[in-house]
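Colleague: I'd like to ask some things about the structure below.
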Amino acid sequence: MRVTALAGGIGGARFLRGVLAALPDADVTVIGNTGDDITLHGLRICPDLDTVMYTLGGGISAERGWGREDESFVVAEELAAYGVGPAWFGLGDRDLATHLVRTEMLDAGYPLSDVVRALCERWQPGVRLLPMTDDRVETHVVITDDDGQRAVHFQEWWLRLRAAVPAQAIVPLRAETAKPAPGVLDAIGEADVVLLPPSNPVVSIGTILAVPGIREAVRETAAPVVGVSPIIGGTAVRGMADACLTAIGVETSAQAVGVHYGGRGRAAVPPAAAGGGSQAGLLDGWLVDTVDAGAAVPGATVLARPLLMTDLEATVAIVRAALEVAGV
Ligand code: GDP
Ligand code: CA
């Protein structure tokens with residue numbers, strides 16, 4: 001079976017671990033978010049791609065959920081001693097090697113997708129990991145603070161400001177001219193099932209869908225498309241996804257996120273009646289937690305199951321439920 005999933009960082013990676021355990025023989029392609037990417041100290045850093053690669057490759061810090069296990073931060077301490085920031089971005093020593101290799105390859109002219117493939121040769125994540133695009137797209141957030149209205153890099157808003165300053169807009173810069181990376185559109189079009197893990201609907205899945213052609217490919221694929229809600233009982237399980245949803249005018253609820261993605265209406269509802277808004281028409285199935293049973297998404301089948309990825313077994317059960325709704 002060919003499975004294609006869109007993924008952000010921690011939520012996506014944990015779900016994908018369940019996909020691999022539930023379907024050990026499947027051919028899994030992951031389309032990763034690169035909108036969180038940032039250049040620091042001259043190094044190109046791709047946090048979401050690395051989180052997927054380290055998690056599936058067995059190198060992730062179990063405690064933090066990002067970065068490397070057995071990590072030290074000597075270089076970061078030395079930079080701080082020079083007064084060189086930013087202090088809010090955790091750059092571990094082991095992790096630095098990944099950024100050095102990536103930056104060296106990018107500077108030599110390799111596209112990001114080739115770099116990811118090279119890095120994955122070491123980590124063997126068990127999936128084909130593709131960046132959403134080889135072009136540079138960076139999410140910026142418009143805020144107003146003591147310095148007035150300005151746009152900051154997503155990482156500054158998320159890590160330094162903890163998303164506590166309201167976002168007036170969240171903009172995936174240069175997404176409109178980006179091209180999907182090689183293999184991305186085919187992976188969606190030729191899949192047997194397309195999965196939207198419980199990744200951030202705005203700055204992870206939303207950013208991937210903002211690359212022209214990707215949203216259309218999901219909408220048009222012959223494969224069933226099933227999403228898993230990252231919102232349980234009106235709150236993001238982890239992180240500040242509510243601040244992102246508020247910024248785009250979507251309520252923090254499992255139902256509202258499902259409606260935001262929109263039902264495809266292939267079963268019962270004609271497409272014109274399904275969803276609404278710019279992301280209408282992506283989902284055949286939507287998984288919500290049992291506390292959100294009763295949520296309805298026009299044009300999609302909604303199934304309520306426990307959605308906390310507390311351990312691998314619980315995550316596998318979520319994946320099986322998603323496959324059940326997909327009918328594959
Ligand atoms: P990030 O890039 O590291 O922020 O990770 P993602 O975008 O892939 O996923 C973040 C989202 O995962 C958060 O908004 C959470 O709502 C969601 N999440 C985290 N843990 C769980 C869980 O156990 N169950 C569900 N349903 N969602 C989760
Ligand atoms: Ca992320």
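As shown in the structure tokens, the chain order sets the letters A, B, ...; within each chain, residues go from 1, and ligands are also counted from 1 in the order they appear.
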Running DSSP on the backbone, which parts of stretch 41-178 of chain A land in strand (DSSP E), as a count of residues only?

Modeller: 26

Colleague: Could you please extract the residues within 9 Å of ligand 1, counting only C-alpha atoms and all ligand atoms, and hand them back as a ChimeraX atom specification?

Modeller: /A:7-15,33,36,47-48,51-52,65-66,197-205,228-232,235-242,287-289,306-311,315,318

Colleague: Excluding same-chain residues fewer than 4 positions from A:Glu216, what lies within 10 Å of it counting only C-alpha atoms, as a list in words?

Modeller: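 Listing them by chain and then by number gives Leu185, Ile188, Leu209, Val211, Pro212, Glu220, Thr221, Gln279, Gly281 and Leu282 of chain A.
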
Colleague: Emit the selected residues as a tab-separated table (two decimals), in the first residue's frame, including C-alpha atoms.

Modeller:
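Result file part05.tsv:
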chain	number	residue	atom	x	y	z
A	185	LEU	CA	2.51	15.87	-6.56
A	188	ILE	CA	-0.32	12.57	-3.62
A	209	LEU	CA	-1.00	23.39	1.28
A	211	VAL	CA	2.57	25.72	-2.11
A	212	PRO	CA	0.69	26.05	-5.41
A	220	GLU	CA	-8.16	15.87	-6.83
A	221	THR	CA	-6.42	12.64	-5.83
A	279	GLN	CA	-9.27	25.03	2.20
A	281	GLY	CA	-12.79	20.11	-0.07
A	282	LEU	CA	-9.81	18.15	1.29

Colleague: Can you work out which one of A:Pro180, A:Asp145, A:Leu129, A:Asp95 has the shortest atom-to-atom distance to A:Val165, counting only C-alpha atoms?

Modeller: A:Asp145

Colleague: Which residues are near A:Trp157? Cut-off 10 Å, only C-alpha atoms, ignore same chain within fewer than 4 positions. Put them as a PDB file with N, CA, C and O atoms, in the first residue's frame.

Modeller:
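Result went into around_3.pdb, see below:
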ATOM      1  N   HIS A 140       6.348  34.027   8.341  1.00  0.00           N
ATOM      2  CA  HIS A 140       6.531  35.201   9.191  1.00  0.00           C
ATOM      3  C   HIS A 140       5.205  35.568   9.846  1.00  0.00           C
ATOM      4  O   HIS A 140       4.136  35.242   9.325  1.00  0.00           O
ATOM      5  N   VAL A 141       5.305  36.218  10.980  1.00  0.00           N
ATOM      6  CA  VAL A 141       4.117  36.534  11.752  1.00  0.00           C
ATOM      7  C   VAL A 141       4.090  38.040  12.011  1.00  0.00           C
ATOM      8  O   VAL A 141       5.085  38.609  12.469  1.00  0.00           O
ATOM      9  N   VAL A 142       2.972  38.661  11.684  1.00  0.00           N
ATOM     10  CA  VAL A 142       2.818  40.102  11.904  1.00  0.00           C
ATOM     11  C   VAL A 142       2.288  40.322  13.315  1.00  0.00           C
ATOM     12  O   VAL A 142       1.244  39.771  13.692  1.00  0.00           O
ATOM     13  N   ILE A 143       3.044  41.095  14.096  1.00  0.00           N
ATOM     14  CA  ILE A 143       2.655  41.379  15.484  1.00  0.00           C
ATOM     15  C   ILE A 143       2.779  42.875  15.748  1.00  0.00           C
ATOM     16  O   ILE A 143       3.413  43.600  14.974  1.00  0.00           O
ATOM     17  N   ALA A 151       6.878  42.404  11.234  1.00  0.00           N
ATOM     18  CA  ALA A 151       6.820  40.963  10.985  1.00  0.00           C
ATOM     19  C   ALA A 151       8.051  40.314  11.582  1.00  0.00           C
ATOM     20  O   ALA A 151       9.168  40.815  11.423  1.00  0.00           O
ATOM     21  N   VAL A 152       7.847  39.224  12.309  1.00  0.00           N
ATOM     22  CA  VAL A 152       8.982  38.476  12.857  1.00  0.00           C
ATOM     23  C   VAL A 152       8.959  37.071  12.274  1.00  0.00           C
ATOM     24  O   VAL A 152       7.920  36.586  11.813  1.00  0.00           O
ATOM     25  N   HIS A 153      10.110  36.436  12.289  1.00  0.00           N
ATOM     26  CA  HIS A 153      10.157  35.046  11.836  1.00  0.00           C
ATOM     27  C   HIS A 153       9.261  34.204  12.748  1.00  0.00           C
ATOM     28  O   HIS A 153       9.182  34.444  13.952  1.00  0.00           O
ATOM     29  N   LEU A 161       8.504  34.539  21.932  1.00  0.00           N
ATOM     30  CA  LEU A 161       7.273  35.170  22.433  1.00  0.00           C
ATOM     31  C   LEU A 161       6.241  34.145  22.888  1.00  0.00           C
ATOM     32  O   LEU A 161       5.185  34.508  23.394  1.00  0.00           O
ATOM     33  N   ARG A 162       6.535  32.850  22.715  1.00  0.00           N
ATOM     34  CA  ARG A 162       5.637  31.765  23.102  1.00  0.00           C
ATOM     35  C   ARG A 162       4.221  31.993  22.548  1.00  0.00           C
ATOM     36  O   ARG A 162       3.225  31.648  23.185  1.00  0.00           O
ATOM     37  N   ALA A 163       4.142  32.622  21.385  1.00  0.00           N
ATOM     38  CA  ALA A 163       2.866  32.895  20.714  1.00  0.00           C
ATOM     39  C   ALA A 163       1.884  33.649  21.607  1.00  0.00           C
ATOM     40  O   ALA A 163       0.673  33.579  21.413  1.00  0.00           O
ATOM     41  N   ALA A 164       2.437  34.351  22.614  1.00  0.00           N
ATOM     42  CA  ALA A 164       1.569  35.064  23.555  1.00  0.00           C
ATOM     43  C   ALA A 164       1.157  36.430  23.019  1.00  0.00           C
ATOM     44  O   ALA A 164       0.174  37.013  23.465  1.00  0.00           O
ATOM     45  N   VAL A 165       1.928  36.971  22.082  1.00  0.00           N
ATOM     46  CA  VAL A 165       1.556  38.221  21.420  1.00  0.00           C
ATOM     47  C   VAL A 165       0.656  37.847  20.244  1.00  0.00           C
ATOM     48  O   VAL A 165       1.053  37.031  19.414  1.00  0.00           O
ATOM     49  N   PRO A 166      -0.561  38.413  20.186  1.00  0.00           N
ATOM     50  CA  PRO A 166      -1.473  37.986  19.120  1.00  0.00           C
ATOM     51  C   PRO A 166      -0.884  38.193  17.731  1.00  0.00           C
ATOM     52  O   PRO A 166      -0.232  39.202  17.460  1.00  0.00           O
ATOM     53  N   ALA A 167      -1.097  37.204  16.877  1.00  0.00           N
ATOM     54  CA  ALA A 167      -0.653  37.302  15.487  1.00  0.00           C
ATOM     55  C   ALA A 167      -1.726  38.007  14.691  1.00  0.00           C
ATOM     56  O   ALA A 167      -2.877  37.578  14.685  1.00  0.00           O
TER      57      ALA A 167
END

Colleague: Quick one: distance from atom CA of A:Arg320 to atom CA of A:Ala256 in Å, one decimal?

Modeller: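 Taking atom CA of A:Arg320 as the start and atom CA of A:Ala256 as the end point, the length is 23.4 Å.
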
Colleague: Measuring atom to atom with only C-alpha atoms, identify which of A:Leu130, A:Val115, A:Leu159, A:Met53 is nearest to A:Ile31.

Modeller: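 Closest to A:Ile31 of all the choices is A:Leu130.
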
Colleague: Fewer than 2 positions away in the same chain doesn't count, so skip those; otherwise give me all residues within 8 Å of A:Phe89, counting only C-alpha atoms, as a PyMOL selection string.

Modeller: chain A and resi 86-87+91+155+159

Colleague: Identify which of the residues A:Cys46, A:Ala97, A:Ile214, A:Val328 lies closest to A:Leu23, counting only C-alpha atoms when measuring atom-to-atom distances.

Modeller: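 Checking each of A:Cys46, A:Ala97, A:Ile214, A:Val328 against A:Leu23, counting only C-alpha atoms, the winner is A:Val328.
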